[in-house]
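Here the structure comes first, spelled out in structure tokens, and everything after it is commentary.
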Amino acid sequence: MAKSTTLKEALSKWEEKTGEKANEAKEIKLYGQIPPIDKMDSGLSSLTCCEKLSLATNCIEKITNLNGLKNLKILSLGRNNLKSLVGLEAVGDTLEELWVSYNFIDKLKGVSSMNKLRVIYMSNNLVKDWAEFVRLADLPSLVDLVFLGNPLQEKYSLEGTWMDEASKRLPNLKKLDGIPIIKDPVDE
């Protein structure tokens, strides 16, 4: 197998291509690297100004080394090899949007510290039970969730109860799977 691309190499290529300095940039796109990035290594620590980081379509297995990203608001890690969300704690006070669709996530441990997280796009993962899903209820700001293609969503959609069951467990949601949630005035 070909050697992977390190973050240092990817950032260097990005700087050459954009003419910007990575440590001053607010938005950095490192998606679809060839060969792919397989580790969130210490190269991330210099991205202190970054507000939006895209590492989608790589081969990353673990969320790590986010400590230096003090201004990160949007993290895009879709189409990787993630199995969990552990490691997000480092950006718990700033992260507002998390894009992790098309991974292998079956456990939601690690989200409880995400105080400002408003949006999670995590379609096509492997969450299969309510015990994991309800961890999202710990997120005080969560209003928009895309959960299509997870075994839990598929099972309850077939039964026709997904929207009701999910919104009951996450009462602050305004939008689920792209559909606005309209509550009866009695529920409020």
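Letters A, B, ... go to the chains of the structure tokens in the order shown; residues in each chain start at 1; ligands are counted from 1 in the same order.
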As a list in words, please: the residues near region 114-116 of chain A (cut-off 9 Å, only C-alpha atoms, same-chain neighbours under 6 positions excluded).
Lys73, Leu88, Glu89, Val91, Gly92, Asp93, Thr94, Leu95, Glu96, Glu97, Asp138, Leu139, Pro140, Ser141 and Leu142 of chain A
Please produce a file of those selected residues containing N, CA, C and O atoms, as a PDB file, in the first residue's frame.
ATOM      1  N   LYS A  73     -14.851  26.045  14.500  1.00  0.00           N
ATOM      2  CA  LYS A  73     -16.314  26.054  14.568  1.00  0.00           C
ATOM      3  C   LYS A  73     -16.928  24.936  13.740  1.00  0.00           C
ATOM      4  O   LYS A  73     -17.981  24.412  14.090  1.00  0.00           O
ATOM      5  N   LEU A  88     -13.042  14.700  20.493  1.00  0.00           N
ATOM      6  CA  LEU A  88     -13.639  16.008  20.218  1.00  0.00           C
ATOM      7  C   LEU A  88     -13.596  16.947  21.424  1.00  0.00           C
ATOM      8  O   LEU A  88     -13.765  18.150  21.272  1.00  0.00           O
ATOM      9  N   GLU A  89     -13.373  16.393  22.592  1.00  0.00           N
ATOM     10  CA  GLU A  89     -13.430  17.177  23.827  1.00  0.00           C
ATOM     11  C   GLU A  89     -12.577  18.441  23.756  1.00  0.00           C
ATOM     12  O   GLU A  89     -12.932  19.479  24.305  1.00  0.00           O
ATOM     13  N   VAL A  91     -12.208  20.549  21.505  1.00  0.00           N
ATOM     14  CA  VAL A  91     -12.865  21.686  20.853  1.00  0.00           C
ATOM     15  C   VAL A  91     -14.311  21.845  21.347  1.00  0.00           C
ATOM     16  O   VAL A  91     -15.144  22.479  20.697  1.00  0.00           O
ATOM     17  N   GLY A  92     -14.579  21.305  22.520  1.00  0.00           N
ATOM     18  CA  GLY A  92     -15.926  21.314  23.088  1.00  0.00           C
ATOM     19  C   GLY A  92     -16.503  22.691  23.328  1.00  0.00           C
ATOM     20  O   GLY A  92     -17.721  22.867  23.318  1.00  0.00           O
ATOM     21  N   ASP A  93     -15.659  23.696  23.530  1.00  0.00           N
ATOM     22  CA  ASP A  93     -16.160  25.042  23.809  1.00  0.00           C
ATOM     23  C   ASP A  93     -16.334  25.897  22.563  1.00  0.00           C
ATOM     24  O   ASP A  93     -16.863  27.007  22.649  1.00  0.00           O
ATOM     25  N   THR A  94     -15.880  25.420  21.398  1.00  0.00           N
ATOM     26  CA  THR A  94     -15.980  26.236  20.182  1.00  0.00           C
ATOM     27  C   THR A  94     -16.730  25.575  19.038  1.00  0.00           C
ATOM     28  O   THR A  94     -17.359  26.269  18.241  1.00  0.00           O
ATOM     29  N   LEU A  95     -16.680  24.255  18.936  1.00  0.00           N
ATOM     30  CA  LEU A  95     -17.239  23.565  17.768  1.00  0.00           C
ATOM     31  C   LEU A  95     -18.755  23.734  17.690  1.00  0.00           C
ATOM     32  O   LEU A  95     -19.463  23.456  18.643  1.00  0.00           O
ATOM     33  N   GLU A  96     -19.233  24.197  16.512  1.00  0.00           N
ATOM     34  CA  GLU A  96     -20.662  24.418  16.292  1.00  0.00           C
ATOM     35  C   GLU A  96     -21.258  23.415  15.307  1.00  0.00           C
ATOM     36  O   GLU A  96     -22.446  23.133  15.362  1.00  0.00           O
ATOM     37  N   GLU A  97     -20.427  22.914  14.378  1.00  0.00           N
ATOM     38  CA  GLU A  97     -20.917  21.965  13.387  1.00  0.00           C
ATOM     39  C   GLU A  97     -19.925  20.817  13.235  1.00  0.00           C
ATOM     40  O   GLU A  97     -18.723  21.046  13.130  1.00  0.00           O
ATOM     41  N   ASP A 138     -27.485  15.297  25.574  1.00  0.00           N
ATOM     42  CA  ASP A 138     -26.584  16.061  26.444  1.00  0.00           C
ATOM     43  C   ASP A 138     -26.085  17.343  25.781  1.00  0.00           C
ATOM     44  O   ASP A 138     -25.407  18.143  26.405  1.00  0.00           O
ATOM     45  N   LEU A 139     -26.392  17.518  24.503  1.00  0.00           N
ATOM     46  CA  LEU A 139     -25.908  18.675  23.749  1.00  0.00           C
ATOM     47  C   LEU A 139     -26.944  19.797  23.826  1.00  0.00           C
ATOM     48  O   LEU A 139     -27.956  19.756  23.141  1.00  0.00           O
ATOM     49  N   PRO A 140     -26.671  20.828  24.644  1.00  0.00           N
ATOM     50  CA  PRO A 140     -27.679  21.863  24.892  1.00  0.00           C
ATOM     51  C   PRO A 140     -28.037  22.708  23.673  1.00  0.00           C
ATOM     52  O   PRO A 140     -29.133  23.250  23.603  1.00  0.00           O
ATOM     53  N   SER A 141     -27.154  22.795  22.686  1.00  0.00           N
ATOM     54  CA  SER A 141     -27.389  23.669  21.535  1.00  0.00           C
ATOM     55  C   SER A 141     -27.811  22.942  20.265  1.00  0.00           C
ATOM     56  O   SER A 141     -28.080  23.576  19.247  1.00  0.00           O
ATOM     57  N   LEU A 142     -27.870  21.605  20.295  1.00  0.00           N
ATOM     58  CA  LEU A 142     -28.151  20.834  19.089  1.00  0.00           C
ATOM     59  C   LEU A 142     -29.562  21.107  18.562  1.00  0.00           C
ATOM     60  O   LEU A 142     -30.541  20.879  19.259  1.00  0.00           O
TER      61      LEU A 142
END
Taking the DSSP secondary structure from the backbone, can you list the residues of region 19-141 of chain A that are strand (DSSP E or B), as a list in words?
Glu27, Ile28, Lys29, Ile37, Lys52, Leu53, Ser54, Ile74, Leu75, Ser76, Glu97, Leu98, Trp99, Val119, Ile120 and Tyr121 of chain A
Hey, which of A:Gln153, A:Asn80, A:Asn125, A:Ser112 ends up closest to Lys39 (chain A)? Count only C-alpha atoms.
A:Asn80
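One finds CA of Ala166 (chain A) at 11.7 Å from CA of Leu148 (chain A).
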Residues near Leu152 (chain A), cut-off 7 Å, only C-alpha atoms, skip fewer than 5 positions along chain, as an NGL selection string
:A and (127-129)
Just the residues within 12 Å of Asp164 (chain A), please, counting only C-alpha atoms, with nothing from its chain fewer than 5 positions along; format it as a PyMOL selection string.
chain A and resi 153+156-157+159+169-171+173+176+181-184
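Each of A:Thr48, A:Gln33, A:Asn81, A:Ser42 was compared to Trp14 (chain A) using only C-alpha atoms, and A:Gln33 turns out to be the nearest.
Interatomic distance, CA of Cys50 (chain A) to CA of Gly68 (chain A): 9.6 Å.
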With only C-alpha atoms as the basis for distance, which of A:Leu69, A:Met122, A:Ile34, A:Leu55 is at the shortest distance from Ser84 (chain A)?
A:Met122
Find the distance between CA of Thr57 (chain A) and CA of Gly32 (chain A) and write it in Å to one decimal.
4.7 Å
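Secondary structure of region 69-177 of chain A, helix (DSSP H, G or I) only (DSSP, backbone atoms): Leu88, Glu89, Ala90, Val91, Trp130, Ala131, Glu132, Phe133, Val134, Arg135, Leu136, Ala137, Asp138, Pro151, Leu152, Gln153, Glu154, Lys155, Tyr156, Ser157, Leu158, Trp162, Met163, Asp164, Glu165, Ala166, Ser167, Lys168 and Arg169 of chain A.
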Preceding selection exported with N, CA and C atoms as a PDB file, in the first residue's frame:
ATOM      1  N   LEU A  88     -13.042  14.700  20.493  1.00  0.00           N
ATOM      2  CA  LEU A  88     -13.639  16.008  20.218  1.00  0.00           C
ATOM      3  C   LEU A  88     -13.596  16.947  21.424  1.00  0.00           C
ATOM      4  N   GLU A  89     -13.373  16.393  22.592  1.00  0.00           N
ATOM      5  CA  GLU A  89     -13.430  17.177  23.827  1.00  0.00           C
ATOM      6  C   GLU A  89     -12.577  18.441  23.756  1.00  0.00           C
ATOM      7  N   ALA A  90     -11.464  18.369  23.051  1.00  0.00           N
ATOM      8  CA  ALA A  90     -10.535  19.503  22.965  1.00  0.00           C
ATOM      9  C   ALA A  90     -11.162  20.738  22.311  1.00  0.00           C
ATOM     10  N   VAL A  91     -12.208  20.549  21.505  1.00  0.00           N
ATOM     11  CA  VAL A  91     -12.865  21.686  20.853  1.00  0.00           C
ATOM     12  C   VAL A  91     -14.311  21.845  21.347  1.00  0.00           C
ATOM     13  N   TRP A 130     -30.953   3.091  20.874  1.00  0.00           N
ATOM     14  CA  TRP A 130     -31.368   4.347  21.503  1.00  0.00           C
ATOM     15  C   TRP A 130     -30.405   4.767  22.598  1.00  0.00           C
ATOM     16  N   ALA A 131     -29.779   3.823  23.279  1.00  0.00           N
ATOM     17  CA  ALA A 131     -28.852   4.162  24.373  1.00  0.00           C
ATOM     18  C   ALA A 131     -27.725   5.067  23.867  1.00  0.00           C
ATOM     19  N   GLU A 132     -27.256   4.811  22.671  1.00  0.00           N
ATOM     20  CA  GLU A 132     -26.233   5.687  22.086  1.00  0.00           C
ATOM     21  C   GLU A 132     -26.857   6.983  21.586  1.00  0.00           C
ATOM     22  N   PHE A 133     -27.981   6.874  20.916  1.00  0.00           N
ATOM     23  CA  PHE A 133     -28.649   8.050  20.354  1.00  0.00           C
ATOM     24  C   PHE A 133     -28.936   9.104  21.424  1.00  0.00           C
ATOM     25  N   VAL A 134     -29.398   8.678  22.595  1.00  0.00           N
ATOM     26  CA  VAL A 134     -29.777   9.644  23.636  1.00  0.00           C
ATOM     27  C   VAL A 134     -28.583  10.407  24.215  1.00  0.00           C
ATOM     28  N   ARG A 135     -27.362   9.977  23.916  1.00  0.00           N
ATOM     29  CA  ARG A 135     -26.201  10.774  24.322  1.00  0.00           C
ATOM     30  C   ARG A 135     -26.257  12.160  23.679  1.00  0.00           C
ATOM     31  N   LEU A 136     -26.924  12.255  22.541  1.00  0.00           N
ATOM     32  CA  LEU A 136     -27.064  13.533  21.862  1.00  0.00           C
ATOM     33  C   LEU A 136     -27.936  14.504  22.654  1.00  0.00           C
ATOM     34  N   ALA A 137     -28.751  13.987  23.563  1.00  0.00           N
ATOM     35  CA  ALA A 137     -29.592  14.842  24.398  1.00  0.00           C
ATOM     36  C   ALA A 137     -28.755  15.681  25.367  1.00  0.00           C
ATOM     37  N   ASP A 138     -27.485  15.297  25.574  1.00  0.00           N
ATOM     38  CA  ASP A 138     -26.584  16.061  26.444  1.00  0.00           C
ATOM     39  C   ASP A 138     -26.085  17.343  25.781  1.00  0.00           C
ATOM     40  N   PRO A 151     -28.436   2.186  11.293  1.00  0.00           N
ATOM     41  CA  PRO A 151     -29.378   1.079  11.528  1.00  0.00           C
ATOM     42  C   PRO A 151     -30.573   1.471  12.397  1.00  0.00           C
ATOM     43  N   LEU A 152     -30.361   2.314  13.403  1.00  0.00           N
ATOM     44  CA  LEU A 152     -31.455   2.738  14.279  1.00  0.00           C
ATOM     45  C   LEU A 152     -32.517   3.502  13.481  1.00  0.00           C
ATOM     46  N   GLN A 153     -32.075   4.449  12.681  1.00  0.00           N
ATOM     47  CA  GLN A 153     -32.995   5.251  11.863  1.00  0.00           C
ATOM     48  C   GLN A 153     -33.724   4.373  10.845  1.00  0.00           C
ATOM     49  N   GLU A 154     -33.002   3.471  10.216  1.00  0.00           N
ATOM     50  CA  GLU A 154     -33.619   2.609   9.197  1.00  0.00           C
ATOM     51  C   GLU A 154     -34.717   1.720   9.801  1.00  0.00           C
ATOM     52  N   LYS A 155     -34.425   1.159  10.978  1.00  0.00           N
ATOM     53  CA  LYS A 155     -35.391   0.277  11.631  1.00  0.00           C
ATOM     54  C   LYS A 155     -36.684   1.019  11.969  1.00  0.00           C
ATOM     55  N   TYR A 156     -36.548   2.190  12.598  1.00  0.00           N
ATOM     56  CA  TYR A 156     -37.746   2.917  13.026  1.00  0.00           C
ATOM     57  C   TYR A 156     -38.432   3.646  11.878  1.00  0.00           C
ATOM     58  N   SER A 157     -37.718   3.943  10.801  1.00  0.00           N
ATOM     59  CA  SER A 157     -38.358   4.516   9.613  1.00  0.00           C
ATOM     60  C   SER A 157     -39.262   3.473   8.958  1.00  0.00           C
ATOM     61  N   LEU A 158     -38.792   2.229   8.921  1.00  0.00           N
ATOM     62  CA  LEU A 158     -39.624   1.151   8.367  1.00  0.00           C
ATOM     63  C   LEU A 158     -40.916   0.994   9.163  1.00  0.00           C
ATOM     64  N   TRP A 162     -39.885   6.845  13.262  1.00  0.00           N
ATOM     65  CA  TRP A 162     -38.568   7.474  13.466  1.00  0.00           C
ATOM     66  C   TRP A 162     -38.666   8.931  13.912  1.00  0.00           C
ATOM     67  N   MET A 163     -39.378   9.754  13.177  1.00  0.00           N
ATOM     68  CA  MET A 163     -39.430  11.189  13.502  1.00  0.00           C
ATOM     69  C   MET A 163     -39.970  11.419  14.916  1.00  0.00           C
ATOM     70  N   ASP A 164     -41.057  10.736  15.254  1.00  0.00           N
ATOM     71  CA  ASP A 164     -41.653  10.909  16.579  1.00  0.00           C
ATOM     72  C   ASP A 164     -40.720  10.436  17.684  1.00  0.00           C
ATOM     73  N   GLU A 165     -40.174   9.239  17.517  1.00  0.00           N
ATOM     74  CA  GLU A 165     -39.305   8.667  18.557  1.00  0.00           C
ATOM     75  C   GLU A 165     -38.025   9.494  18.738  1.00  0.00           C
ATOM     76  N   ALA A 166     -37.413   9.884  17.643  1.00  0.00           N
ATOM     77  CA  ALA A 166     -36.151  10.644  17.725  1.00  0.00           C
ATOM     78  C   ALA A 166     -36.388  12.031  18.303  1.00  0.00           C
ATOM     79  N   SER A 167     -37.447  12.721  17.853  1.00  0.00           N
ATOM     80  CA  SER A 167     -37.683  14.076  18.349  1.00  0.00           C
ATOM     81  C   SER A 167     -38.148  14.073  19.807  1.00  0.00           C
ATOM     82  N   LYS A 168     -38.781  13.002  20.241  1.00  0.00           N
ATOM     83  CA  LYS A 168     -39.166  12.880  21.644  1.00  0.00           C
ATOM     84  C   LYS A 168     -37.912  12.794  22.528  1.00  0.00           C
ATOM     85  N   ARG A 169     -36.894  12.088  22.047  1.00  0.00           N
ATOM     86  CA  ARG A 169     -35.655  11.914  22.807  1.00  0.00           C
ATOM     87  C   ARG A 169     -34.737  13.141  22.726  1.00  0.00           C
TER      88      ARG A 169
END
Selected residue, from A:Leu11, A:Leu98, A:Ile60, A:Val119, that lies nearest to Ile74 (chain A) when counting only C-alpha atoms
A:Leu98
